[in-house]
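This report refers to the structure that appears directly beneath it.
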Number of protein chains: 2
Amino acid sequence: MNLEAVHTYFTLLQGRIVAALEALDGGKFRSDAWTRPEGGGGVARVIEEGALFERGGVNYSRVQGASLPPSATASRPQLAGRAYDALGVSLVLHPRNPYCPTVHMNVRCFAAGEHWWFGGGMDLTPYYPFAEDARDFHRTCRVALAPFGAERYLRYKRWCDDYFYIKHRAEPRGIGGIFFDDLNEPDFASCFALTRSVGAHFLNAYVPILERRKDLPYGERERAFQAYRRGRYVEFNLVYDRGTLFGLQSGGRTESILMSLPPRVEWRYDWKPEPGSPEEKLYTEFLIARDWAD
Amino acid sequence: MNLEAVHTYFTLLQGRIVAALEALDGGKFRSDAWTRPEGGGGVARVIEEGALFERGGVNYSRVQGASLPPSATASRPQLAGRAYDALGVSLVLHPRNPYCPTVHMNVRCFAAGEHWWFGGGMDLTPYYPFAEDARDFHRTCRVALAPFGAERYLRYKRWCDDYFYIKHRAEPRGIGGIFFDDLNEPDFASCFALTRSVGAHFLNAYVPILERRKDLPYGERERAFQAYRRGRYVEFNLVYDRGTLFGLQSGGRTESILMSLPPRVEWRYDWKPEPGSPEEKLYTEFLIARDWAD
């Protein structure tokens, strides 16, 4: 287990992603370094009111704690309460143009005593239905995992469908992607390599979609639907997301954790899309568990 | 224990409150009756884009279930998993004018086997600081509880401060009010009487504040601050609120439960009020636990 190598890679990854996103947007991400009294800290890189990104953040944090919170140990009850070291890069981007999907990516590494494990993934949340975008995103996820076994993509794709599911809406958060956790086999080097491959493929998975959609004209109707659908993002992140709950429970920096929340959101009572509209198509053809890569 | 009397009173209370609010707003609340397969149902009364209320709901529900969810039994672990009957009126009103505070009121009654208990309360969440509003709201709460013992108001006021606290912001949700739960002494009749008194004083506590503030002129700045502060309301309700979690966990009607969420919300990174502004005064003088009634 070499946590310093993970620290170095995660820091470089954050910088590389921010540089690429700044080039696309034309604006700058601010940089806020923070520390926490219990140990560790991080660097939040955040953009608001950019030309392309209405709000987004690419955060790195490494926190040490005396007692692993329950949200980190759902499948490792024997480690609850142990001292830990947690490193991760987490990003969420909310573009202004409703034809551009919101995206989330995370890579993380936990250590507790002699135990260690990696986790991560990326997933896409479109507002308007483009089959090409869903297919390409999933194909790039498959490419990222191909060196680690033929069955790996499908397993992590299904895990993603299970994880990003809004139970009280009986609806997935978006069109999925890949998700993995508790990865510690066969050895540290391979698990770290898989995690690096996920991080390294993020820009390939997302940027071509942005480039295709960012100049499409839109109006009030599309902005209103985007604001409404962003409400689902808030509901998932605050009610179900283990990363968010881990951050809030472990005394993380609230402003860094909640940069995942969208800039402008609307809730409307019992709203339904018009039959035959693109908004309805999002529900009927995209917000279902589906094999996108084939 | 006479649950039918509670059912009758809660239904009448819902109707009386909706009628008063409709008279104030000039618009109508829609009415949606619903049932749930596991037993029970409710009536959601909802207004959106009213002249006064941008969004609000006054819900009644009575649901039966085979297994009491954990969110209802935090202080009654011996009842977890028991069959239950839960009745309640719950309201949240989000006025459009940022000088009008958001308000929440709830009265509820649970029965599980031979056990029963009442709960409820009301609390105020202002966007702009008016000491008169906070004082009058708390004084009416005190009046509602006065027949039930001199110490009752202070106990329930402190319980409210403890309950409506956003840990990850180290900030109360608003200026509080009263909150009680697990009330089953000395007998059913007295507990029901106290609960009725809370319900009956809601309009007295809130309507005079609306009347004082609803015609104050406001602009973009006040609307932006309102949208930002509404984000805290969402954070509290989705991360901490037992009523919301009970509803979502017990298979309640999502659209009724989440009518508590505000219509338009904004999140901004690391926002701070201007020194000396009314927005700063809200934080320094109102969003602290304070004795308002004296």
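In the structure tokens, each chain is lettered A, B, ... as it comes, each chain's residues begin at 1, and ligands are numbered from 1 in order of appearance.
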At a cut-off of 10 Å, list the chain A residues touching chain B, using only C-alpha atoms, as a PyMOL selection string.
chain A and resi 46-49+55-57+167-169+227-228+231+234-240+245+247-256+258-271
Do you have, as CSV, the list of residues of range 181-223 of chain B lying at most 7 Å from range 99-118 of chain B, each with its nearest atom pair and that distance in Å to one decimal, counting only C-alpha atoms and ordered by chain then number?
```
residue,atom,partner,partner_atom,distance
B:Asp181,CA,B:Phe118,CA,6.2
B:Asp182,CA,B:Trp117,CA,5.1
B:Leu183,CA,B:Phe118,CA,5.0
B:Asn184,CA,B:Trp117,CA,4.9
B:Cys191,CA,B:Phe118,CA,6.7
B:Thr195,CA,B:Val107,CA,6.4
B:Gly199,CA,B:Val107,CA,6.7
B:Leu210,CA,B:Cys100,CA,5.8
B:Arg213,CA,B:Cys100,CA,5.6
B:Lys214,CA,B:Cys100,CA,6.1
```
Name all residues at most 10 Å from Val18 in chain A (count only C-alpha atoms; drop same-chain ones fewer than 3 positions away) and give them as number ranges by chain.
A: 12-15, 21-24, 28-29, 45-47, 57-59, 91
Selection from above, N, CA, C and O atoms, as a PDB file, in the first residue's frame, can you write it?
```
ATOM      1  N   LEU A  12      -2.381  15.359  -9.307  1.00  0.00           N
ATOM      2  CA  LEU A  12      -2.117  15.624 -10.723  1.00  0.00           C
ATOM      3  C   LEU A  12      -3.395  15.536 -11.547  1.00  0.00           C
ATOM      4  O   LEU A  12      -3.637  16.351 -12.437  1.00  0.00           O
ATOM      5  N   LEU A  13      -4.220  14.541 -11.244  1.00  0.00           N
ATOM      6  CA  LEU A  13      -5.479  14.359 -11.975  1.00  0.00           C
ATOM      7  C   LEU A  13      -6.374  15.587 -11.816  1.00  0.00           C
ATOM      8  O   LEU A  13      -6.946  16.092 -12.787  1.00  0.00           O
ATOM      9  N   GLN A  14      -6.506  16.070 -10.579  1.00  0.00           N
ATOM     10  CA  GLN A  14      -7.308  17.275 -10.344  1.00  0.00           C
ATOM     11  C   GLN A  14      -6.813  18.431 -11.208  1.00  0.00           C
ATOM     12  O   GLN A  14      -7.601  19.109 -11.882  1.00  0.00           O
ATOM     13  N   GLY A  15      -5.501  18.643 -11.211  1.00  0.00           N
ATOM     14  CA  GLY A  15      -4.924  19.746 -11.981  1.00  0.00           C
ATOM     15  C   GLY A  15      -5.162  19.589 -13.476  1.00  0.00           C
ATOM     16  O   GLY A  15      -5.510  20.552 -14.175  1.00  0.00           O
ATOM     17  N   LEU A  21     -10.875  21.812 -18.404  1.00  0.00           N
ATOM     18  CA  LEU A  21     -12.186  22.449 -18.294  1.00  0.00           C
ATOM     19  C   LEU A  21     -12.066  23.969 -18.423  1.00  0.00           C
ATOM     20  O   LEU A  21     -12.927  24.618 -19.017  1.00  0.00           O
ATOM     21  N   GLU A  22     -10.994  24.522 -17.909  1.00  0.00           N
ATOM     22  CA  GLU A  22     -10.769  25.974 -18.052  1.00  0.00           C
ATOM     23  C   GLU A  22     -10.585  26.338 -19.518  1.00  0.00           C
ATOM     24  O   GLU A  22     -11.106  27.358 -19.983  1.00  0.00           O
ATOM     25  N   ALA A  23      -9.869  25.504 -20.253  1.00  0.00           N
ATOM     26  CA  ALA A  23      -9.658  25.776 -21.679  1.00  0.00           C
ATOM     27  C   ALA A  23     -10.995  25.756 -22.424  1.00  0.00           C
ATOM     28  O   ALA A  23     -11.242  26.581 -23.305  1.00  0.00           O
ATOM     29  N   LEU A  24     -11.869  24.831 -22.034  1.00  0.00           N
ATOM     30  CA  LEU A  24     -13.183  24.730 -22.679  1.00  0.00           C
ATOM     31  C   LEU A  24     -14.080  25.918 -22.337  1.00  0.00           C
ATOM     32  O   LEU A  24     -14.810  26.430 -23.180  1.00  0.00           O
ATOM     33  N   LYS A  28     -11.907  30.846 -15.233  1.00  0.00           N
ATOM     34  CA  LYS A  28     -10.970  30.233 -14.294  1.00  0.00           C
ATOM     35  C   LYS A  28     -11.713  29.589 -13.122  1.00  0.00           C
ATOM     36  O   LYS A  28     -12.735  30.114 -12.673  1.00  0.00           O
ATOM     37  N   PHE A  29     -11.192  28.484 -12.643  1.00  0.00           N
ATOM     38  CA  PHE A  29     -11.669  27.874 -11.397  1.00  0.00           C
ATOM     39  C   PHE A  29     -10.923  28.542 -10.239  1.00  0.00           C
ATOM     40  O   PHE A  29      -9.689  28.637 -10.282  1.00  0.00           O
ATOM     41  N   ARG A  45     -11.566  23.281  -6.111  1.00  0.00           N
ATOM     42  CA  ARG A  45     -11.444  24.103  -7.318  1.00  0.00           C
ATOM     43  C   ARG A  45     -12.867  24.284  -7.830  1.00  0.00           C
ATOM     44  O   ARG A  45     -13.538  23.304  -8.181  1.00  0.00           O
ATOM     45  N   VAL A  46     -13.329  25.523  -7.878  1.00  0.00           N
ATOM     46  CA  VAL A  46     -14.747  25.781  -8.144  1.00  0.00           C
ATOM     47  C   VAL A  46     -14.915  26.865  -9.198  1.00  0.00           C
ATOM     48  O   VAL A  46     -14.170  27.854  -9.211  1.00  0.00           O
ATOM     49  N   ILE A  47     -15.889  26.668 -10.089  1.00  0.00           N
ATOM     50  CA  ILE A  47     -16.236  27.706 -11.065  1.00  0.00           C
ATOM     51  C   ILE A  47     -17.729  28.000 -10.925  1.00  0.00           C
ATOM     52  O   ILE A  47     -18.523  27.088 -10.679  1.00  0.00           O
ATOM     53  N   GLY A  57     -17.358  21.931  -9.631  1.00  0.00           N
ATOM     54  CA  GLY A  57     -16.197  21.840  -8.756  1.00  0.00           C
ATOM     55  C   GLY A  57     -15.437  20.560  -9.012  1.00  0.00           C
ATOM     56  O   GLY A  57     -16.008  19.546  -9.427  1.00  0.00           O
ATOM     57  N   VAL A  58     -14.137  20.643  -8.830  1.00  0.00           N
ATOM     58  CA  VAL A  58     -13.250  19.474  -8.932  1.00  0.00           C
ATOM     59  C   VAL A  58     -12.435  19.499  -7.645  1.00  0.00           C
ATOM     60  O   VAL A  58     -11.519  20.314  -7.500  1.00  0.00           O
ATOM     61  N   ASN A  59     -12.795  18.659  -6.683  1.00  0.00           N
ATOM     62  CA  ASN A  59     -12.186  18.734  -5.356  1.00  0.00           C
ATOM     63  C   ASN A  59     -11.218  17.600  -5.118  1.00  0.00           C
ATOM     64  O   ASN A  59     -11.457  16.467  -5.531  1.00  0.00           O
ATOM     65  N   LEU A  91     -15.749  15.233  -8.591  1.00  0.00           N
ATOM     66  CA  LEU A  91     -16.148  16.379  -9.405  1.00  0.00           C
ATOM     67  C   LEU A  91     -17.605  16.276  -9.801  1.00  0.00           C
ATOM     68  O   LEU A  91     -18.143  15.171 -10.003  1.00  0.00           O
TER      69      LEU A  91
END
```
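Distance-wise, CA of Leu52 in chain B and CA of Asp25 in chain B end up 5.1 Å apart.
Here CA of Thr140 in chain A is placed at a distance of 5.4 Å from CA of Ala205 in chain A.
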Counting only C-alpha atoms, figure out which residue out of B:Asp291, B:Asp32, B:Glu220, B:Pro70 gets nearest to Arg155 in chain B.
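Result for the nearest residue to Arg155 in chain B: B:Asp291.
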I'd like the contact shell of Gly177 in chain A - 8 Å cut-off, only C-alpha atoms, skipping same-chain residues fewer than 5 positions apart - returned as a list in words.
Gly121, Met122, Asp123, Leu124, Phe137, His138, Cys141, Tyr156, Lys157, Cys160 and Asp161 of chain A
Go ahead and write the residues just picked, C-alpha atoms, as a short mmCIF file (atom, residue, chain, number, x, y, z; two decimals), in the first residue's frame.
```cif
data_model
loop_
_atom_site.label_atom_id
_atom_site.label_comp_id
_atom_site.auth_asym_id
_atom_site.auth_seq_id
_atom_site.Cartn_x
_atom_site.Cartn_y
_atom_site.Cartn_z
CA GLY A 121 -16.79 5.79 -11.07
CA MET A 122 -18.48 8.32 -13.29
CA ASP A 123 -22.06 8.86 -14.34
CA LEU A 124 -23.99 11.14 -16.65
CA PHE A 137 -20.19 7.87 -22.52
CA HIS A 138 -20.77 4.21 -21.75
CA CYS A 141 -16.36 3.70 -19.57
CA TYR A 156 -19.66 -1.81 -12.64
CA LYS A 157 -22.36 -0.51 -15.01
CA CYS A 160 -23.93 2.20 -11.02
CA ASP A 161 -27.57 1.60 -12.01
#
```
Any idea what's packed within 10 Å of Ala170 in chain B, counting only C-alpha atoms, ignoring anything in its chain fewer than 5 positions away? Could you give it as a PDB file with C-alpha atoms, in the first residue's frame?
```pdb
ATOM      1  CA  TYR B 165     -30.527  22.630  13.649  1.00  0.00           C
ATOM      2  CA  LEU B 287     -29.960  32.577  13.376  1.00  0.00           C
ATOM      3  CA  ILE B 288     -28.916  31.940  16.954  1.00  0.00           C
TER       4      ILE B 288
END
```
From a DSSP pass on the backbone, collect the residues of range 83-272 of chain A flagged as strand (DSSP E) and hand them back as an MDAnalysis selection string.
chainID A and resid 84:95 102:112 115:125 165:166 171:172 176:183 264:266
Write a file of the selected residues as an mmCIF file, in the first residue's frame, keeping C-alpha atoms.
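Output (result_27.cif):
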```cif
data_model
loop_
_atom_site.group_PDB
_atom_site.id
_atom_site.type_symbol
_atom_site.label_atom_id
_atom_site.label_comp_id
_atom_site.auth_asym_id
_atom_site.auth_seq_id
_atom_site.Cartn_x
_atom_site.Cartn_y
_atom_site.Cartn_z
ATOM 1 C CA TYR A 84 -8.689 5.898 8.736
ATOM 2 C CA ASP A 85 -7.021 7.840 5.944
ATOM 3 C CA ALA A 86 -9.310 8.757 3.008
ATOM 4 C CA LEU A 87 -8.130 10.292 -0.272
ATOM 5 C CA GLY A 88 -10.322 11.261 -3.176
ATOM 6 C CA VAL A 89 -10.987 13.404 -6.202
ATOM 7 C CA SER A 90 -14.639 14.257 -6.688
ATOM 8 C CA LEU A 91 -16.148 16.379 -9.405
ATOM 9 C CA VAL A 92 -19.586 17.551 -10.449
ATOM 10 C CA LEU A 93 -20.209 19.892 -13.385
ATOM 11 C CA HIS A 94 -23.495 21.668 -14.053
ATOM 12 C CA PRO A 95 -23.362 23.271 -17.525
ATOM 13 C CA THR A 102 -24.456 17.170 -15.759
ATOM 14 C CA VAL A 103 -21.591 14.824 -14.950
ATOM 15 C CA HIS A 104 -20.076 13.306 -11.816
ATOM 16 C CA MET A 105 -16.751 11.527 -11.401
ATOM 17 C CA ASN A 106 -15.035 10.243 -8.299
ATOM 18 C CA VAL A 107 -11.918 8.238 -7.495
ATOM 19 C CA ARG A 108 -11.076 7.415 -3.909
ATOM 20 C CA CYS A 109 -8.839 5.330 -1.704
ATOM 21 C CA PHE A 110 -9.470 4.389 1.920
ATOM 22 C CA ALA A 111 -6.997 2.936 4.393
ATOM 23 C CA ALA A 112 -7.853 1.696 7.897
ATOM 24 C CA HIS A 115 -6.912 -2.618 5.244
ATOM 25 C CA TRP A 116 -7.239 -0.532 2.102
ATOM 26 C CA TRP A 117 -9.720 -0.287 -0.737
ATOM 27 C CA PHE A 118 -10.437 1.790 -3.812
ATOM 28 C CA GLY A 119 -13.695 3.079 -5.158
ATOM 29 C CA GLY A 120 -14.989 5.436 -7.790
ATOM 30 C CA GLY A 121 -16.785 5.793 -11.070
ATOM 31 C CA MET A 122 -18.481 8.319 -13.293
ATOM 32 C CA ASP A 123 -22.061 8.855 -14.341
ATOM 33 C CA LEU A 124 -23.987 11.143 -16.650
ATOM 34 C CA THR A 125 -27.249 13.004 -16.001
ATOM 35 C CA TYR A 165 -31.352 5.132 -8.007
ATOM 36 C CA ILE A 166 -33.838 7.526 -6.405
ATOM 37 C CA GLU A 171 -36.307 6.648 -11.073
ATOM 38 C CA PRO A 172 -32.566 6.469 -11.829
ATOM 39 C CA GLY A 176 -25.628 5.777 -15.351
ATOM 40 C CA GLY A 177 -22.049 4.909 -16.152
ATOM 41 C CA ILE A 178 -19.811 2.895 -13.841
ATOM 42 C CA PHE A 179 -19.500 2.613 -10.061
ATOM 43 C CA PHE A 180 -17.248 0.471 -7.899
ATOM 44 C CA ASP A 181 -16.388 0.240 -4.213
ATOM 45 C CA ASP A 182 -14.435 -1.978 -1.809
ATOM 46 C CA LEU A 183 -11.952 -2.870 -4.560
ATOM 47 C CA ARG A 264 -30.604 27.056 -9.789
ATOM 48 C CA VAL A 265 -33.269 24.516 -8.972
ATOM 49 C CA GLU A 266 -37.059 24.420 -9.094
#
```
One number please: CA of Trp34 in chain B to CA of His7 in chain B, in Å, one decimal.
15.9 Å
All helix (DSSP H, G or I) residues (DSSP, backbone) inside range 20-154 of chain B, as an MDAnalysis selection string:
chainID B and resid 20:25 70:72 77:79 131:148 152:154
Which residues, written as number ranges by chain, have at least one atom at most 12 Å from Ser71 in chain B, with only C-alpha atoms counted and residues fewer than 3 positions away on the same chain left out?
B: 67-68, 74-77, 79-81, 240-250
